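> Quick one: this structure, given as structure tokens, is what I'll be asking you about.
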Amino acid sequence: MIFKRKQKVVENLAEANENAIFNKETEGLSQGQIVFRRFVRHKAAMISVFVLFSLIMIVFTSSGVKIGPFTIPGWWQYKFDQLLDLRTEGCPPGVVGCPTLDMVPSFIDGTGMGLGMHPFGQDDIGHDYLSMVMRGAQRSIYVMVVIGFLGGSIGIVVGSISGYFRGWVDALLMRLTDFVITIPTIIIGSVVGYHFGNLGVGFLAFYLGIFAWTGLSRLVRGEFLKLREMEFVDAARVAGASNRRIIFKHILPNAVGIIIVSITLLMSGAILLETALSYLGFGVVAPDVSLGSLISQFQDSFTIRPWLFWWPGLFIITIALSINFIGDGLRDAFDPRQRRRLGKKEKAASRDQAKIAAASN
Amino acid sequence: MFAYIVRRLGIIVVTLFGSSFLLYNLAALSGDPLEALRTSREPNVQQQIIALTRQLQLDVPPPIRYFYWLKGILSGLVGHIDFGMTRTGHPVVDQIALAIPTTLRLVSGATVLAIVFGISIGIITALRQYSRFDYAMTFVSFLLFSLPIFWVAVLLKEYLAIQFNDFLGEPTITPQWIFFASVFSGIFWAAIISGSRARVFAIFGIAGTSTAALLSILSATKWFANPGFGPIVLFGLAIGIAFGVTYLSTGLGNSAALKSALTMAVLTLILYYPNQWLFGVSNKKLVYVLMIVTLFVVSGLVPMLFSKIDRGPIIRTSILAAFLMGLLTVIDKLMQTWKPYMETDAVYFRPVPTIGQVNPLLEPGNFWINFLDILVHLFLPTTALLLISFAGYVRFSRGTLLEVLNQDYIRTARAKGLTERTVIMRHAFRNTMIPLTTIMVVDIMSVIGGAIITERIFGWIGMGTLFNQAIGSFDLNLLMGVFLLTGFLGVSANLVADLLYSTLDPRVRSGAGKK
């Protein structure tokens, strides 16, 4: 009995100690710094940031950029629409254009690691597949970013106006949101993409963007409805701040956590939407390529030339997965109730301290 | 409440009016339905153009044509609804009526399985928060979130259909696979059950060895070529079900419930041969309906023998157990049908198809073979849809249960001294189900809109295909028909979800309280 009570005392003290550790850590830091520290501590999110950043760098530097009269060459020699001779040496019999990427070090099979001439292989008529995948990833990432940016900005503006002003403005904007929600994005994308697909990827991204804001606007509205009743808003109003100032300087910074998280999720959904549309033939159309259209084009060659199928899929998954993890990390970082779990050492340390304190009592 | 529902219905009508107007004009302006004809070289092109123009009223500008279309829809109020004609001259209503059962067949199994598996795994991860199993499932669900379904579908076709068919030709499992499967199963069960280190290793060992033993036996006896349980294994499984269901539903301490569930298991064994006979003699559906009715009646009456008080939970346990055992009996029958099915000329030992809804070469007549054929064709698309939608349920139920477990009433329940089972199943799980139910309603209704991509990949002709076809051939009436149905289901799902929420959870009064 006494032992149990003592155990309880130790536990309470340990909890108090943990609290003290958390408080000490956040002492003198701004909210932004606290959030940043929490985010950096989220391992999966940090790995994802690294992976996504390197992937974007690799993808966008692969092909050259033309700025006025100057051309900065990319690190890869072929263009995605350049017809080359189909390579047959080194391939299994009956297969052409197999990948030359060799990841096995030389002490195992004796050939050594290296990219070779066509690391991802070639498609059925001789295009270099690496440059096609890079081009496809560029398009997909581009569409994703535009959708995130456009959908994000419209969503924030609509949501904050209707949440802040309420009344008839709110009713009107929310009915508009309902209209757009009723029409599934994939239908809009298909209708527009099918008929205007030849206008290029920019148009597609723009179009999907102006229909992708509904979820976010509802979220922002809810947050604004809550925040506008807070004392600090009253204080700002009494101090004579204009509506615009209150919205952008006072309320929006408080809602930024929810906004950032849902924009990341919007973007990871966007890349899947774009690839799905391109797969159906309503998104990016030939001669341009996207990750989805590559899969759609080569899904039947899976049994003979599986690399045509694996690479674009792996790129989609890597991008979407890292964005999802970043979103998860951000959500945890912005969540005020969220606390990191103490490491084993810290836990043991705080427990020892508590025991000493209990014993000295 | 009534006024609230009427107001919501009014909003639904206005919303559908607005969005259908928007979509109609968008679709009409985005292309020319006569384009294919204009470039064609057939001699009677001019007449065709004129005929189609008249049929689709193409000479009327779209915003006005929309109201012609709306007039047809609104005439549904007086009994004769008119969705218009498709380009090929069939009524849109007929096309949709044909497509809906197909879509339902495609999505219902996947949705139910996703809900059952998703919620179970979500609950386990929440109860084992921050365990290795939790982290692993978090990773898996994020991975599934990020998978494009068309990509998964190709993989499934290759590995679950083509290579699985090859395997069935020579159904022996290689030692490597047995090893991998055993290690995986050991890790899986050890991660779920967890405990002290010695216990984890013990569980790992037991699960691993039993998996290895089971697989070796299955492989040695070529079970996959001629599967089935047989009465003894069936009885064993039924006893397992009896204990499992009783544990979850009332706890093993309730001896009346355990006795009734075990009686059900015994009945399953006794009725094994009579059931086989019934399955065999008749292809009439009436017999099967009667069997199902008998199952429910008997399982509802048996608990009366064992208890006079507090019969509700006991009857519930008994019915649930009997239902699962009946399902097991049916599965056993289907397994026995497997060999004759494989031997039919239409299938000829390549049972898992990559495409299609049914095998057209299979002659109708044998209920079980045709039933199995439908199931086999559902296998791949269901798996694909399941993988995609399962992750959402895992994350959502995990999050909700964690939130519920932090509530004061859970602390109260624990403080009262209730067992952990009662706290979880009765206090936490039921409250978790409230928000989950509303999510399910929205999910189920939106899924009827058709899985556009899935249908296309697996060659099913459902709502998604209609929609695809409508866009491809500029078929406005068809497009609007599909849209109106899916749109209506979508918005009314939200209404139903809100109403359900306020009924299930008295704390939320979405109707009465507001304004």
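Identifiers in this document derive from the order of the structure tokens: chains are assigned A, B, ..., residues are numbered from 1 separately in each chain, and ligands are numbered from 1 in order of occurrence.
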Could you give me, as a ChimeraX atom specification, the residues within 8 Å of Val92 in chain B, counting only C-alpha atoms and dropping anything in the same chain fewer than 6 positions from it?
/B:83-86,477-478,481
> Please, which residues of chain B lie no more than 8 Å from chain A when the count uses only C-alpha atoms, and can they be set out as a short mmCIF file (atom, residue, chain, number, x, y, z; two decimals) with all heavy atoms, in the first residue's frame?

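Output (selection-v4.cif):
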data_model
loop_
_atom_site.label_atom_id
_atom_site.label_comp_id
_atom_site.auth_asym_id
_atom_site.auth_seq_id
_atom_site.Cartn_x
_atom_site.Cartn_y
_atom_site.Cartn_z
N THR B 15 -29.02 24.49 -55.08
CA THR B 15 -27.64 24.12 -55.39
C THR B 15 -27.57 23.31 -56.67
O THR B 15 -26.74 23.58 -57.55
CB THR B 15 -27.05 23.29 -54.24
OG1 THR B 15 -27.30 23.96 -53.04
CG2 THR B 15 -25.58 23.08 -54.44
N LEU B 16 -28.43 22.31 -56.76
CA LEU B 16 -28.39 21.45 -57.95
C LEU B 16 -28.74 22.25 -59.19
O LEU B 16 -28.14 22.05 -60.25
CB LEU B 16 -29.36 20.28 -57.80
CG LEU B 16 -28.83 19.12 -56.98
CD1 LEU B 16 -29.87 18.04 -56.88
CD2 LEU B 16 -27.56 18.58 -57.60
N GLY B 18 -28.16 25.45 -59.70
CA GLY B 18 -27.00 26.27 -60.05
C GLY B 18 -25.89 25.45 -60.67
O GLY B 18 -25.36 25.78 -61.74
N SER B 19 -25.54 24.32 -60.01
CA SER B 19 -24.38 23.58 -60.52
C SER B 19 -24.70 22.88 -61.83
O SER B 19 -23.82 22.76 -62.69
CB SER B 19 -23.88 22.59 -59.47
OG SER B 19 -24.93 21.78 -59.04
N LEU B 23 -22.55 23.39 -65.18
CA LEU B 23 -21.93 22.28 -65.89
C LEU B 23 -22.47 22.16 -67.31
O LEU B 23 -21.71 21.91 -68.26
CB LEU B 23 -22.17 20.97 -65.13
CG LEU B 23 -21.45 19.77 -65.73
CD1 LEU B 23 -19.97 19.89 -65.51
CD2 LEU B 23 -21.93 18.47 -65.13
N LEU B 26 -20.85 24.79 -69.41
CA LEU B 26 -19.42 24.47 -69.52
C LEU B 26 -19.22 23.37 -70.55
O LEU B 26 -18.38 23.47 -71.45
CB LEU B 26 -18.94 24.01 -68.15
CG LEU B 26 -17.49 24.23 -67.80
CD1 LEU B 26 -17.22 25.71 -67.74
CD2 LEU B 26 -17.21 23.60 -66.45
N ALA B 27 -20.01 22.32 -70.41
CA ALA B 27 -19.87 21.18 -71.30
C ALA B 27 -20.29 21.54 -72.72
O ALA B 27 -19.66 21.13 -73.69
CB ALA B 27 -20.69 20.01 -70.79
N SER B 30 -17.68 23.66 -74.40
CA SER B 30 -16.32 23.14 -74.53
C SER B 30 -16.12 22.31 -75.79
O SER B 30 -15.01 21.93 -76.09
CB SER B 30 -15.98 22.31 -73.30
OG SER B 30 -16.80 21.18 -73.28
N GLY B 31 -17.17 22.03 -76.54
CA GLY B 31 -16.93 21.25 -77.75
C GLY B 31 -18.13 21.21 -78.65
O GLY B 31 -19.23 21.60 -78.29
N PHE B 142 -0.36 6.14 -45.20
CA PHE B 142 0.13 7.27 -46.02
C PHE B 142 0.53 6.78 -47.41
O PHE B 142 0.28 7.44 -48.41
CB PHE B 142 1.31 7.95 -45.36
CG PHE B 142 0.90 8.99 -44.38
CD1 PHE B 142 1.48 9.06 -43.13
CD2 PHE B 142 -0.08 9.91 -44.71
CE1 PHE B 142 1.08 10.02 -42.23
CE2 PHE B 142 -0.48 10.88 -43.81
CZ PHE B 142 0.11 10.93 -42.57
N LEU B 143 1.14 5.59 -47.44
CA LEU B 143 1.54 5.03 -48.73
C LEU B 143 0.32 4.79 -49.60
O LEU B 143 0.29 5.14 -50.78
CB LEU B 143 2.30 3.73 -48.50
CG LEU B 143 2.91 3.09 -49.74
CD1 LEU B 143 4.04 3.96 -50.25
CD2 LEU B 143 3.44 1.71 -49.44
N PHE B 145 -2.53 6.29 -49.36
CA PHE B 145 -3.05 7.59 -49.76
C PHE B 145 -2.38 8.08 -51.04
O PHE B 145 -2.98 8.77 -51.84
CB PHE B 145 -2.75 8.63 -48.67
CG PHE B 145 -3.83 8.81 -47.68
CD1 PHE B 145 -3.54 8.93 -46.34
CD2 PHE B 145 -5.15 8.88 -48.08
CE1 PHE B 145 -4.53 9.10 -45.40
CE2 PHE B 145 -6.14 9.06 -47.15
CZ PHE B 145 -5.84 9.16 -45.82
N SER B 146 -1.09 7.75 -51.16
CA SER B 146 -0.30 8.32 -52.25
C SER B 146 -0.30 7.45 -53.50
O SER B 146 0.35 7.79 -54.47
CB SER B 146 1.14 8.53 -51.79
OG SER B 146 1.19 8.92 -50.47
N LEU B 147 -1.01 6.33 -53.46
CA LEU B 147 -0.96 5.43 -54.61
C LEU B 147 -2.00 5.84 -55.65
O LEU B 147 -3.16 5.99 -55.33
CB LEU B 147 -1.26 4.00 -54.18
CG LEU B 147 -0.18 3.23 -53.48
CD1 LEU B 147 -0.68 1.84 -53.15
CD2 LEU B 147 1.06 3.14 -54.33
N PRO B 148 -1.57 6.00 -56.89
CA PRO B 148 -2.57 6.19 -57.94
C PRO B 148 -3.24 4.85 -58.25
O PRO B 148 -2.54 3.85 -58.40
CB PRO B 148 -1.74 6.65 -59.15
CG PRO B 148 -0.33 6.69 -58.72
CD PRO B 148 -0.19 6.03 -57.39
N PHE B 150 -4.70 3.63 -60.80
CA PHE B 150 -4.43 2.97 -62.09
C PHE B 150 -3.10 2.24 -62.06
O PHE B 150 -2.89 1.26 -62.76
CB PHE B 150 -4.46 3.99 -63.24
CG PHE B 150 -3.70 5.24 -63.00
CD1 PHE B 150 -2.39 5.35 -63.36
CD2 PHE B 150 -4.32 6.33 -62.40
CE1 PHE B 150 -1.68 6.50 -63.14
CE2 PHE B 150 -3.63 7.50 -62.18
CZ PHE B 150 -2.29 7.58 -62.55
N TRP B 151 -2.21 2.72 -61.22
CA TRP B 151 -0.91 2.07 -61.10
C TRP B 151 -1.04 0.78 -60.29
O TRP B 151 -0.53 -0.27 -60.68
CB TRP B 151 0.04 3.04 -60.39
CG TRP B 151 1.47 2.73 -60.53
CD1 TRP B 151 2.23 2.89 -61.64
CD2 TRP B 151 2.33 2.23 -59.51
NE1 TRP B 151 3.52 2.52 -61.36
CE2 TRP B 151 3.62 2.11 -60.08
CE3 TRP B 151 2.15 1.89 -58.17
CZ2 TRP B 151 4.70 1.66 -59.35
CZ3 TRP B 151 3.23 1.43 -57.47
CH2 TRP B 151 4.50 1.31 -58.05
N VAL B 154 -2.60 -2.10 -62.32
CA VAL B 154 -1.72 -2.85 -63.22
C VAL B 154 -0.91 -3.88 -62.43
O VAL B 154 -0.75 -5.03 -62.85
CB VAL B 154 -0.80 -1.89 -64.00
CG1 VAL B 154 0.17 -2.66 -64.84
CG2 VAL B 154 -1.63 -0.97 -64.85
N GLU B 158 -0.98 -8.04 -62.71
CA GLU B 158 0.19 -8.87 -62.96
C GLU B 158 0.36 -9.92 -61.87
O GLU B 158 0.52 -11.09 -62.15
CB GLU B 158 1.43 -7.97 -63.04
CG GLU B 158 2.75 -8.73 -63.15
CD GLU B 158 2.90 -9.45 -64.48
OE1 GLU B 158 2.17 -9.07 -65.42
OE2 GLU B 158 3.72 -10.38 -64.56
N ILE B 453 -12.14 5.56 -62.87
CA ILE B 453 -10.89 4.95 -63.31
C ILE B 453 -10.92 3.44 -63.16
O ILE B 453 -10.53 2.69 -64.06
CB ILE B 453 -9.72 5.56 -62.54
CG1 ILE B 453 -9.65 7.05 -62.87
CG2 ILE B 453 -8.42 4.88 -62.85
CD1 ILE B 453 -8.62 7.78 -62.12
N ILE B 471 -18.61 12.29 -72.06
CA ILE B 471 -17.65 13.34 -72.35
C ILE B 471 -17.01 13.13 -73.71
O ILE B 471 -16.86 14.05 -74.51
CB ILE B 471 -16.55 13.39 -71.27
CG1 ILE B 471 -17.16 13.81 -69.96
CG2 ILE B 471 -15.45 14.34 -71.66
CD1 ILE B 471 -16.19 13.76 -68.84
N GLY B 472 -16.67 11.87 -73.98
CA GLY B 472 -15.97 11.58 -75.24
C GLY B 472 -16.80 11.88 -76.46
O GLY B 472 -16.26 12.29 -77.48
N PHE B 483 -24.69 13.23 -64.01
CA PHE B 483 -24.33 14.25 -63.03
C PHE B 483 -25.47 14.50 -62.05
O PHE B 483 -25.25 14.62 -60.85
CB PHE B 483 -23.96 15.55 -63.73
CG PHE B 483 -23.95 16.71 -62.78
CD1 PHE B 483 -22.93 16.84 -61.87
CD2 PHE B 483 -24.97 17.62 -62.77
CE1 PHE B 483 -22.93 17.86 -60.96
CE2 PHE B 483 -24.98 18.65 -61.86
CZ PHE B 483 -23.96 18.78 -60.95
N GLY B 487 -24.84 14.05 -58.31
CA GLY B 487 -24.89 15.30 -57.57
C GLY B 487 -25.97 15.26 -56.50
O GLY B 487 -25.74 15.64 -55.34
N GLY B 490 -24.89 13.12 -53.74
CA GLY B 490 -23.84 13.79 -52.98
C GLY B 490 -24.41 14.78 -51.97
O GLY B 490 -24.09 14.72 -50.78
N VAL B 491 -25.27 15.69 -52.44
CA VAL B 491 -25.78 16.69 -51.51
C VAL B 491 -26.73 16.09 -50.49
O VAL B 491 -26.76 16.50 -49.33
CB VAL B 491 -26.46 17.88 -52.23
CG1 VAL B 491 -25.42 18.83 -52.75
CG2 VAL B 491 -27.37 17.43 -53.32
#
> With only C-alpha atoms as the counted atoms, please give the residues lying no more than 9 Å from Arg331 in chain A, apart from itself and same-chain residues fewer than 4 positions off, as a JSON list (two decimals) with C-alpha atoms, in the first residue's frame.

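After the write, selection_33.json holds the following:
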[["chain", "number", "residue", "atom", "x", "y", "z"],
["A", 39, "PHE", "CA", 8.53, 20.46, -37.12],
["A", 257, "GLY", "CA", -1.61, 26.49, -39.16],
["A", 258, "ILE", "CA", -4.84, 25.06, -40.49],
["A", 260, "ILE", "CA", -0.78, 25.48, -44.41],
["A", 261, "VAL", "CA", -1.69, 21.95, -43.45],
["A", 262, "SER", "CA", -4.70, 21.80, -45.72],
["A", 326, "ILE", "CA", 5.28, 16.97, -44.53],
["A", 327, "GLY", "CA", 1.61, 17.77, -44.01],
["A", 335, "ASP", "CA", -1.16, 21.59, -32.85]]
> Between CA of Ile259 in chain A and CA of Arg218 in chain A, what is the distance, to one decimal in Å?
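Between CA of Ile259 in chain A and CA of Arg218 in chain A the gap is 10.9 Å.
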> Taking into account only C-alpha atoms, which residue in the set A:Ser54, A:Thr100, A:Gln122, A:Thr26 is nearest to Gln82 in chain A?
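Of the candidates, the smallest distance to Gln82 in chain A is held by A:Gln122.
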> Compile the contact shell of Thr454 in chain B as a ChimeraX atom specification: residues with an atom at most 9 Å away, counting only C-alpha atoms, same-chain residues fewer than 4 positions apart removed.
/B:149-150,153,381,384-385,450,458-460,464
> Near Asn431 in chain B, within 10 Å and counting only C-alpha atoms, which residues show up once chain neighbours fewer than 2 positions away are dropped, as a list in words?
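Neighbouring residues, sequence-local ones excluded: Thr400, Leu401, Val404, Leu405, Ile424, Met425, Arg426, His427, Ala428, Phe429, Met433, Ile434, Pro435, Leu436, Leu504 and Asp505 of chain B.
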> Pick out each residue of range 32-191 of chain A that DSSP on the backbone tags as helix (DSSP H, G or I); I need them as a VMD selection string.
chain A and resid 32 to 41 43 to 62 106 to 109 129 to 165 167 to 182 185 to 191
> Mind pulling up the distance from CA of Ala161 in chain B to CA of Val352 in chain B?
5.1 Å
